[in-house]
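A.B. asks: My file is protein_27.cif. It has mmCIF, C-alpha atoms:
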data_final
loop_
_atom_site.group_PDB
_atom_site.id
_atom_site.type_symbol
_atom_site.label_atom_id
_atom_site.label_comp_id
_atom_site.auth_asym_id
_atom_site.auth_seq_id
_atom_site.Cartn_x
_atom_site.Cartn_y
_atom_site.Cartn_z
ATOM 1 C CA MET A 164 0.000 0.000 0.000
ATOM 2 C CA GLN A 165 1.352 3.406 -1.001
ATOM 3 C CA ILE A 166 0.083 6.722 0.314
ATOM 4 C CA LEU A 167 -0.773 9.300 -2.353
ATOM 5 C CA ASP A 168 0.772 12.216 -0.481
ATOM 6 C CA GLY A 169 -0.874 15.524 -1.343
ATOM 7 C CA LYS A 170 1.849 17.440 0.445
ATOM 8 C CA ILE A 171 4.589 16.043 -1.806
ATOM 9 C CA VAL A 172 2.638 16.542 -5.034
ATOM 10 C CA SER A 173 1.326 20.016 -4.162
ATOM 11 C CA GLN A 174 4.842 21.128 -3.220
ATOM 12 C CA ALA A 175 6.092 19.905 -6.595
ATOM 13 C CA VAL A 176 3.346 21.860 -8.389
ATOM 14 C CA LYS A 177 4.043 24.987 -6.322
ATOM 15 C CA HIS A 178 7.796 24.714 -6.916
ATOM 16 C CA GLU A 179 7.192 24.599 -10.673
ATOM 17 C CA LEU A 180 4.847 27.613 -10.485
ATOM 18 C CA LYS A 181 7.303 29.542 -8.306
ATOM 19 C CA GLU A 182 10.035 29.052 -10.922
ATOM 20 C CA LYS A 183 7.711 30.088 -13.749
ATOM 21 C CA THR A 184 6.643 33.174 -11.790
ATOM 22 C CA ARG A 185 10.281 34.049 -11.107
ATOM 23 C CA ARG A 186 10.941 33.964 -14.850
ATOM 24 C CA LEU A 187 7.942 36.229 -15.484
ATOM 25 C CA ILE A 188 9.374 38.749 -13.017
ATOM 26 C CA GLU A 189 12.826 38.543 -14.652
ATOM 27 C CA GLN A 190 11.236 39.268 -18.016
ATOM 28 C CA ASN A 191 9.215 42.181 -16.590
ATOM 29 C CA LYS A 192 6.002 40.376 -17.457
ATOM 30 C CA LYS A 193 2.719 40.355 -15.566
ATOM 31 C CA VAL A 194 2.612 38.281 -12.363
ATOM 32 C CA PRO A 195 -0.525 36.159 -11.700
ATOM 33 C CA HIS A 196 -3.092 37.899 -9.476
ATOM 34 C CA LEU A 197 -5.865 36.001 -7.657
ATOM 35 C CA ALA A 198 -8.810 37.884 -6.134
ATOM 36 C CA ALA A 199 -10.740 36.037 -3.407
ATOM 37 C CA VAL A 200 -14.258 36.963 -2.260
ATOM 38 C CA LEU A 201 -15.640 35.691 1.050
ATOM 39 C CA VAL A 202 -19.190 36.374 2.233
ATOM 40 C CA GLY A 203 -19.940 35.584 5.881
ATOM 41 C CA ASN A 204 -17.793 34.059 8.601
ATOM 42 C CA ASP A 205 -17.985 30.301 8.042
ATOM 43 C CA GLY A 206 -14.972 28.860 9.876
ATOM 44 C CA ALA A 207 -13.999 26.326 7.220
ATOM 45 C CA SER A 208 -14.346 28.905 4.430
ATOM 46 C CA GLU A 209 -12.152 31.384 6.304
ATOM 47 C CA THR A 210 -9.494 28.701 6.731
ATOM 48 C CA TYR A 211 -9.610 27.770 3.033
ATOM 49 C CA VAL A 212 -9.357 31.374 1.825
ATOM 50 C CA ALA A 213 -6.500 32.165 4.213
ATOM 51 C CA SER A 214 -4.635 29.093 2.946
ATOM 52 C CA LYS A 215 -5.147 30.091 -0.686
ATOM 53 C CA ILE A 216 -3.874 33.626 -0.036
ATOM 54 C CA LYS A 217 -0.866 32.259 1.862
ATOM 55 C CA ASN A 218 -0.014 29.894 -1.002
ATOM 56 C CA CYS A 219 -0.181 32.769 -3.485
ATOM 57 C CA GLU A 220 2.381 34.651 -1.415
ATOM 58 C CA GLU A 221 4.639 31.579 -1.192
ATOM 59 C CA ILE A 222 5.024 31.269 -4.959
ATOM 60 C CA GLY A 223 5.129 34.971 -5.804
ATOM 61 C CA PHE A 224 1.552 35.523 -6.989
ATOM 62 C CA LYS A 225 -0.295 38.706 -6.125
ATOM 63 C CA SER A 226 -3.570 38.332 -4.243
ATOM 64 C CA SER A 227 -6.513 40.441 -3.092
ATOM 65 C CA PHE A 228 -9.073 39.533 -0.450
ATOM 66 C CA TYR A 229 -12.573 41.000 -0.260
ATOM 67 C CA ARG A 230 -14.623 40.125 2.820
ATOM 68 C CA PHE A 231 -18.343 40.823 3.176
ATOM 69 C CA ASP A 232 -20.643 40.447 6.164
ATOM 70 C CA ALA A 233 -23.098 37.516 6.053
ATOM 71 C CA ALA A 234 -25.995 39.987 5.762
ATOM 72 C CA THR A 235 -24.545 41.627 2.630
ATOM 73 C CA ASP A 236 -27.107 41.757 -0.179
ATOM 74 C CA GLU A 237 -26.656 39.913 -3.449
ATOM 75 C CA ALA A 238 -26.356 43.095 -5.530
ATOM 76 C CA THR A 239 -23.312 44.241 -3.549
ATOM 77 C CA VAL A 240 -21.499 40.966 -4.179
ATOM 78 C CA ILE A 241 -22.423 41.063 -7.874
ATOM 79 C CA ASN A 242 -21.098 44.610 -8.153
ATOM 80 C CA LYS A 243 -17.759 43.533 -6.665
ATOM 81 C CA ILE A 244 -17.465 40.611 -9.096
ATOM 82 C CA GLN A 245 -18.260 42.858 -12.061
ATOM 83 C CA GLU A 246 -15.591 45.259 -10.811
ATOM 84 C CA LEU A 247 -13.065 42.402 -10.676
ATOM 85 C CA ASN A 248 -14.172 41.199 -14.125
ATOM 86 C CA ASN A 249 -13.237 44.612 -15.503
ATOM 87 C CA ASP A 250 -9.979 44.937 -13.565
ATOM 88 C CA LYS A 251 -7.153 44.043 -15.969
ATOM 89 C CA ALA A 252 -4.781 43.565 -13.021
ATOM 90 C CA VAL A 253 -6.841 40.579 -11.800
ATOM 91 C CA ASP A 254 -6.360 37.219 -13.558
ATOM 92 C CA GLY A 255 -8.438 34.881 -11.432
ATOM 93 C CA ILE A 256 -11.598 35.339 -9.363
ATOM 94 C CA LEU A 257 -12.412 32.968 -6.518
ATOM 95 C CA VAL A 258 -15.775 33.224 -4.741
ATOM 96 C CA GLN A 259 -15.615 30.955 -1.703
ATOM 97 C CA LEU A 260 -18.603 28.611 -1.400
ATOM 98 C CA PRO A 261 -20.992 28.078 0.282
ATOM 99 C CA LEU A 262 -22.647 31.492 0.155
ATOM 100 C CA PRO A 263 -25.362 32.685 2.563
ATOM 101 C CA LYS A 264 -28.786 31.321 1.588
ATOM 102 C CA HIS A 265 -30.127 34.685 0.370
ATOM 103 C CA ILE A 266 -27.438 34.825 -2.328
ATOM 104 C CA SER A 267 -27.816 32.631 -5.426
ATOM 105 C CA GLU A 268 -24.652 30.592 -5.995
ATOM 106 C CA GLU A 269 -25.735 29.925 -9.580
ATOM 107 C CA LYS A 270 -26.135 33.637 -10.310
ATOM 108 C CA ILE A 271 -22.778 34.495 -8.719
ATOM 109 C CA ILE A 272 -20.917 31.747 -10.586
ATOM 110 C CA ASN A 273 -22.520 32.700 -13.908
ATOM 111 C CA ILE A 274 -21.541 36.363 -13.596
ATOM 112 C CA ILE A 275 -17.803 35.614 -13.285
ATOM 113 C CA ASN A 276 -15.893 36.272 -16.505
ATOM 114 C CA PRO A 277 -15.138 32.754 -17.899
ATOM 115 C CA ALA A 278 -11.580 33.945 -18.681
ATOM 116 C CA LYS A 279 -11.086 34.503 -14.934
ATOM 117 C CA ASP A 280 -13.056 31.459 -13.709
ATOM 118 C CA VAL A 281 -10.122 29.714 -12.004
ATOM 119 C CA ASP A 282 -12.512 27.617 -9.894
ATOM 120 C CA GLY A 283 -13.831 26.056 -13.114
ATOM 121 C CA PHE A 284 -17.511 26.297 -12.116
ATOM 122 C CA HIS A 285 -18.838 28.531 -14.912
ATOM 123 C CA PRO A 286 -21.000 26.740 -17.523
ATOM 124 C CA VAL A 287 -18.483 27.782 -20.211
ATOM 125 C CA SER A 288 -15.663 26.084 -18.278
ATOM 126 C CA VAL A 289 -17.773 22.960 -17.699
ATOM 127 C CA GLY A 290 -18.770 22.820 -21.368
ATOM 128 C CA LYS A 291 -15.147 23.027 -22.495
ATOM 129 C CA MET A 292 -14.162 20.268 -20.056
ATOM 130 C CA VAL A 293 -16.922 17.953 -21.302
ATOM 131 C CA GLN A 294 -15.789 18.515 -24.899
ATOM 132 C CA GLY A 295 -12.121 18.033 -24.001
ATOM 133 C CA LEU A 296 -11.235 21.605 -24.974
ATOM 134 C CA PRO A 297 -8.584 23.714 -23.204
ATOM 135 C CA GLY A 298 -10.068 25.611 -20.265
ATOM 136 C CA PHE A 299 -10.341 25.752 -16.509
ATOM 137 C CA VAL A 300 -11.155 22.487 -14.774
ATOM 138 C CA SER A 301 -12.761 22.508 -11.336
ATOM 139 C CA ALA A 302 -9.860 22.570 -8.873
ATOM 140 C CA THR A 303 -10.552 19.393 -6.874
ATOM 141 C CA PRO A 304 -10.992 17.051 -9.882
ATOM 142 C CA TYR A 305 -8.015 18.739 -11.557
ATOM 143 C CA GLY A 306 -5.986 18.167 -8.399
ATOM 144 C CA ILE A 307 -6.893 14.472 -8.409
ATOM 145 C CA MET A 308 -5.724 14.143 -12.023
ATOM 146 C CA LEU A 309 -2.462 15.932 -11.183
ATOM 147 C CA MET A 310 -1.910 13.486 -8.322
ATOM 148 C CA LEU A 311 -2.504 10.420 -10.524
ATOM 149 C CA GLU A 312 -0.149 11.907 -13.102
ATOM 150 C CA HIS A 313 2.578 12.625 -10.538
ATOM 151 C CA TYR A 314 2.558 9.040 -9.243
ATOM 152 C CA LYS A 315 2.456 7.704 -12.836
ATOM 153 C CA ILE A 316 -0.591 5.567 -12.084
ATOM 154 C CA ASP A 317 -1.795 3.698 -15.159
ATOM 155 C CA THR A 318 -5.555 4.227 -15.340
ATOM 156 C CA ALA A 319 -6.185 3.109 -18.941
ATOM 157 C CA GLY A 320 -8.872 0.448 -19.168
ATOM 158 C CA LYS A 321 -9.521 0.514 -15.410
ATOM 159 C CA HIS A 322 -13.030 0.522 -13.949
ATOM 160 C CA ALA A 323 -13.468 3.708 -11.914
ATOM 161 C CA VAL A 324 -16.405 4.123 -9.541
ATOM 162 C CA VAL A 325 -17.229 7.664 -8.440
ATOM 163 C CA ILE A 326 -19.482 7.988 -5.382
ATOM 164 C CA GLY A 327 -21.170 11.398 -5.435
ATOM 165 C CA ARG A 328 -22.590 13.459 -8.303
ATOM 166 C CA SER A 329 -21.914 17.053 -7.259
ATOM 167 C CA ASN A 330 -21.035 19.626 -9.916
ATOM 168 C CA ILE A 331 -17.889 20.461 -7.934
ATOM 169 C CA VAL A 332 -16.337 16.969 -7.767
ATOM 170 C CA GLY A 333 -18.368 13.903 -8.733
ATOM 171 C CA ARG A 334 -19.577 14.826 -12.201
ATOM 172 C CA PRO A 335 -16.378 16.507 -13.423
ATOM 173 C CA ILE A 336 -14.035 13.756 -12.169
ATOM 174 C CA SER A 337 -16.242 11.147 -13.878
ATOM 175 C CA VAL A 338 -15.808 13.046 -17.157
ATOM 176 C CA LEU A 339 -12.047 13.541 -16.735
ATOM 177 C CA LEU A 340 -11.411 9.869 -15.925
ATOM 178 C CA SER A 341 -13.369 8.781 -19.011
ATOM 179 C CA GLN A 342 -11.548 11.063 -21.465
ATOM 180 C CA ASN A 343 -8.966 9.855 -23.975
ATOM 181 C CA THR A 344 -6.079 11.216 -21.904
ATOM 182 C CA ASN A 345 -3.398 10.028 -19.507
ATOM 183 C CA PRO A 346 -4.525 9.751 -16.740
ATOM 184 C CA GLY A 347 -7.931 8.813 -18.107
ATOM 185 C CA ASN A 348 -9.322 6.181 -20.468
ATOM 186 C CA CYS A 349 -11.299 4.608 -17.622
ATOM 187 C CA THR A 350 -14.668 2.939 -17.800
ATOM 188 C CA VAL A 351 -16.595 5.045 -15.285
ATOM 189 C CA THR A 352 -19.610 4.263 -13.121
ATOM 190 C CA LEU A 353 -21.135 7.294 -11.374
ATOM 191 C CA CYS A 354 -22.981 6.364 -8.188
ATOM 192 C CA HIS A 355 -25.186 8.424 -5.884
ATOM 193 C CA SER A 356 -27.801 8.237 -3.122
ATOM 194 C CA ARG A 357 -30.276 6.349 -5.335
ATOM 195 C CA THR A 358 -27.774 3.779 -6.606
ATOM 196 C CA GLN A 359 -28.789 0.202 -5.863
ATOM 197 C CA ASN A 360 -26.258 -2.522 -5.000
ATOM 198 C CA LEU A 361 -23.557 0.078 -4.285
ATOM 199 C CA LYS A 362 -21.366 -2.402 -2.410
ATOM 200 C CA GLU A 363 -21.373 -4.840 -5.324
ATOM 201 C CA ILE A 364 -20.508 -2.043 -7.775
ATOM 202 C CA CYS A 365 -17.633 -0.797 -5.596
ATOM 203 C CA LEU A 366 -16.232 -4.325 -5.319
ATOM 204 C CA GLN A 367 -15.814 -4.314 -9.126
ATOM 205 C CA ALA A 368 -13.832 -1.070 -9.055
ATOM 206 C CA ASP A 369 -10.130 -0.732 -9.760
ATOM 207 C CA ILE A 370 -10.388 2.942 -8.731
ATOM 208 C CA ILE A 371 -12.854 4.436 -6.233
ATOM 209 C CA VAL A 372 -13.351 8.183 -5.802
ATOM 210 C CA ALA A 373 -15.362 8.839 -2.630
ATOM 211 C CA ALA A 374 -16.889 12.313 -2.793
ATOM 212 C CA LEU A 375 -20.157 12.338 -0.876
ATOM 213 C CA GLY A 376 -19.339 14.058 2.414
ATOM 214 C CA LYS A 377 -20.211 11.217 4.797
ATOM 215 C CA VAL A 378 -17.556 10.281 7.337
ATOM 216 C CA ALA A 379 -16.092 6.765 6.923
ATOM 217 C CA PHE A 380 -18.807 5.816 4.405
ATOM 218 C CA LEU A 381 -16.527 3.603 2.317
ATOM 219 C CA THR A 382 -15.712 0.538 4.387
ATOM 220 C CA ALA A 383 -13.279 -2.330 3.839
ATOM 221 C CA ASP A 384 -16.005 -4.759 2.739
ATOM 222 C CA MET A 385 -16.753 -2.437 -0.221
ATOM 223 C CA VAL A 386 -13.182 -2.448 -1.582
ATOM 224 C CA LYS A 387 -11.419 -5.198 -3.511
ATOM 225 C CA GLU A 388 -7.749 -6.052 -3.037
ATOM 226 C CA ASN A 389 -5.252 -3.664 -4.690
ATOM 227 C CA ALA A 390 -7.860 -1.024 -5.485
ATOM 228 C CA ILE A 391 -6.871 2.652 -5.765
ATOM 229 C CA VAL A 392 -8.922 4.789 -3.375
ATOM 230 C CA ILE A 393 -9.219 8.592 -3.631
ATOM 231 C CA ASP A 394 -10.870 10.185 -0.583
ATOM 232 C CA VAL A 395 -12.322 13.618 -1.331
ATOM 233 C CA GLY A 396 -14.229 13.962 1.939
ATOM 234 C CA ILE A 397 -13.360 16.824 4.300
ATOM 235 C CA THR A 398 -15.732 16.864 7.266
ATOM 236 C CA ARG A 399 -15.120 18.610 10.583
ATOM 237 C CA VAL A 400 -15.847 16.319 13.546
ATOM 238 C CA ALA A 401 -15.772 17.516 17.161
ATOM 239 C CA ASP A 402 -12.588 16.350 18.919
ATOM 240 C CA THR A 403 -11.706 17.704 22.355
ATOM 241 C CA THR A 404 -8.164 16.302 22.107
ATOM 242 C CA LYS A 405 -7.395 18.774 19.299
ATOM 243 C CA LYS A 406 -6.390 22.373 19.962
ATOM 244 C CA SER A 407 -8.864 23.480 17.289
ATOM 245 C CA GLY A 408 -11.658 21.475 18.926
ATOM 246 C CA PHE A 409 -12.256 19.410 15.795
ATOM 247 C CA ALA A 410 -10.650 16.764 13.581
ATOM 248 C CA ILE A 411 -10.829 16.481 9.786
ATOM 249 C CA LYS A 412 -12.301 13.181 8.625
ATOM 250 C CA GLY A 413 -12.709 11.713 5.152
ATOM 251 C CA ASP A 414 -15.352 9.610 3.409
ATOM 252 C CA VAL A 415 -13.177 6.486 3.733
ATOM 253 C CA ASP A 416 -12.655 4.282 6.796
ATOM 254 C CA PHE A 417 -8.932 4.736 6.258
ATOM 255 C CA GLU A 418 -7.628 2.447 9.008
ATOM 256 C CA ASN A 419 -9.459 -0.605 7.674
ATOM 257 C CA VAL A 420 -9.531 0.208 3.952
ATOM 258 C CA ALA A 421 -5.856 1.194 3.522
ATOM 259 C CA PRO A 422 -4.376 -2.329 3.997
ATOM 260 C CA LYS A 423 -6.386 -3.571 0.996
ATOM 261 C CA CYS A 424 -5.287 -0.779 -1.360
ATOM 262 C CA SER A 425 -2.431 -0.408 -3.814
ATOM 263 C CA TYR A 426 -2.738 3.387 -3.432
ATOM 264 C CA ILE A 427 -4.835 5.553 -1.113
ATOM 265 C CA THR A 428 -5.095 9.247 -0.225
ATOM 266 C CA PRO A 429 -5.085 10.283 3.449
ATOM 267 C CA VAL A 430 -7.358 12.893 5.057
ATOM 268 C CA PRO A 431 -6.020 15.397 5.837
ATOM 269 C CA GLY A 432 -2.918 15.607 3.643
ATOM 270 C CA GLY A 433 -4.366 14.291 0.407
ATOM 271 C CA VAL A 434 -6.817 15.767 -2.068
ATOM 272 C CA GLY A 435 -7.392 18.992 -0.091
ATOM 273 C CA LEU A 436 -3.834 20.174 -0.684
ATOM 274 C CA MET A 437 -4.124 19.287 -4.366
ATOM 275 C CA THR A 438 -7.235 21.451 -4.711
ATOM 276 C CA ILE A 439 -5.204 24.543 -3.820
ATOM 277 C CA ALA A 440 -2.334 23.492 -6.114
ATOM 278 C CA ALA A 441 -4.757 23.092 -9.021
ATOM 279 C CA LEU A 442 -6.332 26.484 -8.299
ATOM 280 C CA LEU A 443 -2.866 28.061 -8.481
ATOM 281 C CA LYS A 444 -2.166 26.316 -11.814
ATOM 282 C CA ASN A 445 -5.450 27.655 -13.184
ATOM 283 C CA THR A 446 -4.530 31.167 -12.015
ATOM 284 C CA TYR A 447 -1.153 30.967 -13.718
ATOM 285 C CA THR A 448 -2.819 29.773 -16.924
ATOM 286 C CA ALA A 449 -5.305 32.658 -16.743
ATOM 287 C CA CYS A 450 -2.419 35.109 -16.466
ATOM 288 C CA VAL A 451 -0.305 33.851 -19.363
ATOM 289 C CA SER A 452 -3.132 32.988 -21.758
ATOM 290 C CA PRO A 453 -3.514 35.473 -24.649
#
If you convert what's in this file into structure tokens, what do you get?

C.D. replies:
Amino acid sequence: MQILDGKIVSQAVKHELKEKTRRLIEQNKKVPHLAAVLVGNDGASETYVASKIKNCEEIGFKSSFYRFDAATDEATVINKIQELNNDKAVDGILVQLPLPKHISEEKIINIINPAKDVDGFHPVSVGKMVQGLPGFVSATPYGIMLMLEHYKIDTAGKHAVVIGRSNIVGRPISVLLSQNTNPGNCTVTLCHSRTQNLKEICLQADIIVAALGKVAFLTADMVKENAIVIDVGITRVADTTKKSGFAIKGDVDFENVAPKCSYITPVPGGVGLMTIAALLKNTYTACVSP
């Protein structure tokens, strides 16, 4: 069993981006600039945004952070996004989800300029991904593909089972794994809450991507020997032994599943770190694209 270490892979991605950014500076060219928008004070969202800003600084990117109170009206947020759309200094726009209930996530995502949609959520970005055209891929699925590529895992002809059909992870990773690429060329089964015989389907899988947000959902009796397991789950669970008061748990019962796997991602330290690395790659691409 080998751990797919998100720290190692994300550091490799960031090192490459840092060198590329250094060369941009040497050539007096524009440096990538990510603008982050946060509405409300959700603890997890604040942590994620702070980490993204910190990573920008580490590799030499510029960053801007716009914070709004949870009671801020939708029009104010839209106005800020339109301002960032028109700001030539800004290459990428990140609106941290989830948003307060009175603000439409669909409307906010759709108003972002597709050329600055480094989160890869805009319908234009999704359409390009489905057609295999160059564009921004949603950061978490992109991060998973970067991880498989880094470890040179041969996925061609493998049966991949994706558990979860969200627009952020499940659907896009099912498309990416099925494409005629490397990694890719999988036969993909997309499962969800209405799937029957889920255990039997998972036992046929060479690759399982667990992305449903339920702690320890994937158990050892659902995984065949030498399977590759990608755990996308990031759930905060109360833990009084931790200084923060909580622990981060995944969708996989890691302790019991890991011994059966050829490769497995840990939580934390796996896919979460790759999400940020992929976001940074998208931001760099947005900057240097004509």

A.B. asks: Quick one: everything within 12 Å of A:Thr210, counting all atoms listed in the file, minus sequence neighbours fewer than 6 positions away in the same chain. Send it as a list of chain:residue names.

C.D. replies: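 Close residues of A:Thr210: A:Leu201, A:Asn204, A:Ile216, A:Lys217, A:Gln259, A:Ser407.
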
A.B. asks: Produce a table with one row for each residue of stretch 328-357 of chain A that has an atom at most 8 Å from any atom of stretch 273-294 of chain A, each row naming the nearest atom pair and its distance in Å at one decimal; use only C-alpha atoms; arrange rows by chain and rising residue number; format as CSV.

C.D. replies:
residue,atom,partner,partner_atom,distance
A:Asn330,CA,A:Phe284,CA,7.9
A:Ile331,CA,A:Phe284,CA,7.2
A:Pro335,CA,A:Val289,CA,7.9
A:Val338,CA,A:Val293,CA,6.5
A:Leu339,CA,A:Met292,CA,7.8

A.B. asks: Which of these residues is nearest to A:Leu247, using only C-alpha atoms: A:Val212, A:Ala198, A:Ile188, A:Met310?

C.D. replies: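 Between A:Val212, A:Ala198, A:Ile188, A:Met310, the residue approaching A:Leu247 most closely is A:Ala198.
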
A.B. asks: So, with all atoms listed in the file as the atoms that count, which of A:Ile272, A:Val258, A:Ala440, A:Ala383 lies closest to A:Glu209?

C.D. replies: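 The answer is A:Val258, which sits nearest to A:Glu209.
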
A.B. asks: With only C-alpha atoms as the basis for distance, which of A:Asp236, A:Lys377, A:Asp394, A:Arg399 is at the shortest distance from A:Gly206?

C.D. replies: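 That would be A:Arg399, the residue with the smallest distance to A:Gly206.
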
A.B. asks: So which residues get picked by the PyMOL selection byres ((chain A and resi 397) around 8) here, written as a CSV table (one decimal) with C-alpha atoms, keeping the file's coordinate frame?

C.D. replies:
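Okay, this is what ended up in part.csv:
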chain,number,residue,atom,x,y,z
A,376,GLY,CA,-19.3,14.1,2.4
A,395,VAL,CA,-12.3,13.6,-1.3
A,396,GLY,CA,-14.2,14.0,1.9
A,398,THR,CA,-15.7,16.9,7.3
A,399,ARG,CA,-15.1,18.6,10.6
A,411,ILE,CA,-10.8,16.5,9.8
A,412,LYS,CA,-12.3,13.2,8.6
A,413,GLY,CA,-12.7,11.7,5.2
A,414,ASP,CA,-15.4,9.6,3.4
A,430,VAL,CA,-7.4,12.9,5.1
A,431,PRO,CA,-6.0,15.4,5.8
A,435,GLY,CA,-7.4,19.0,-0.1
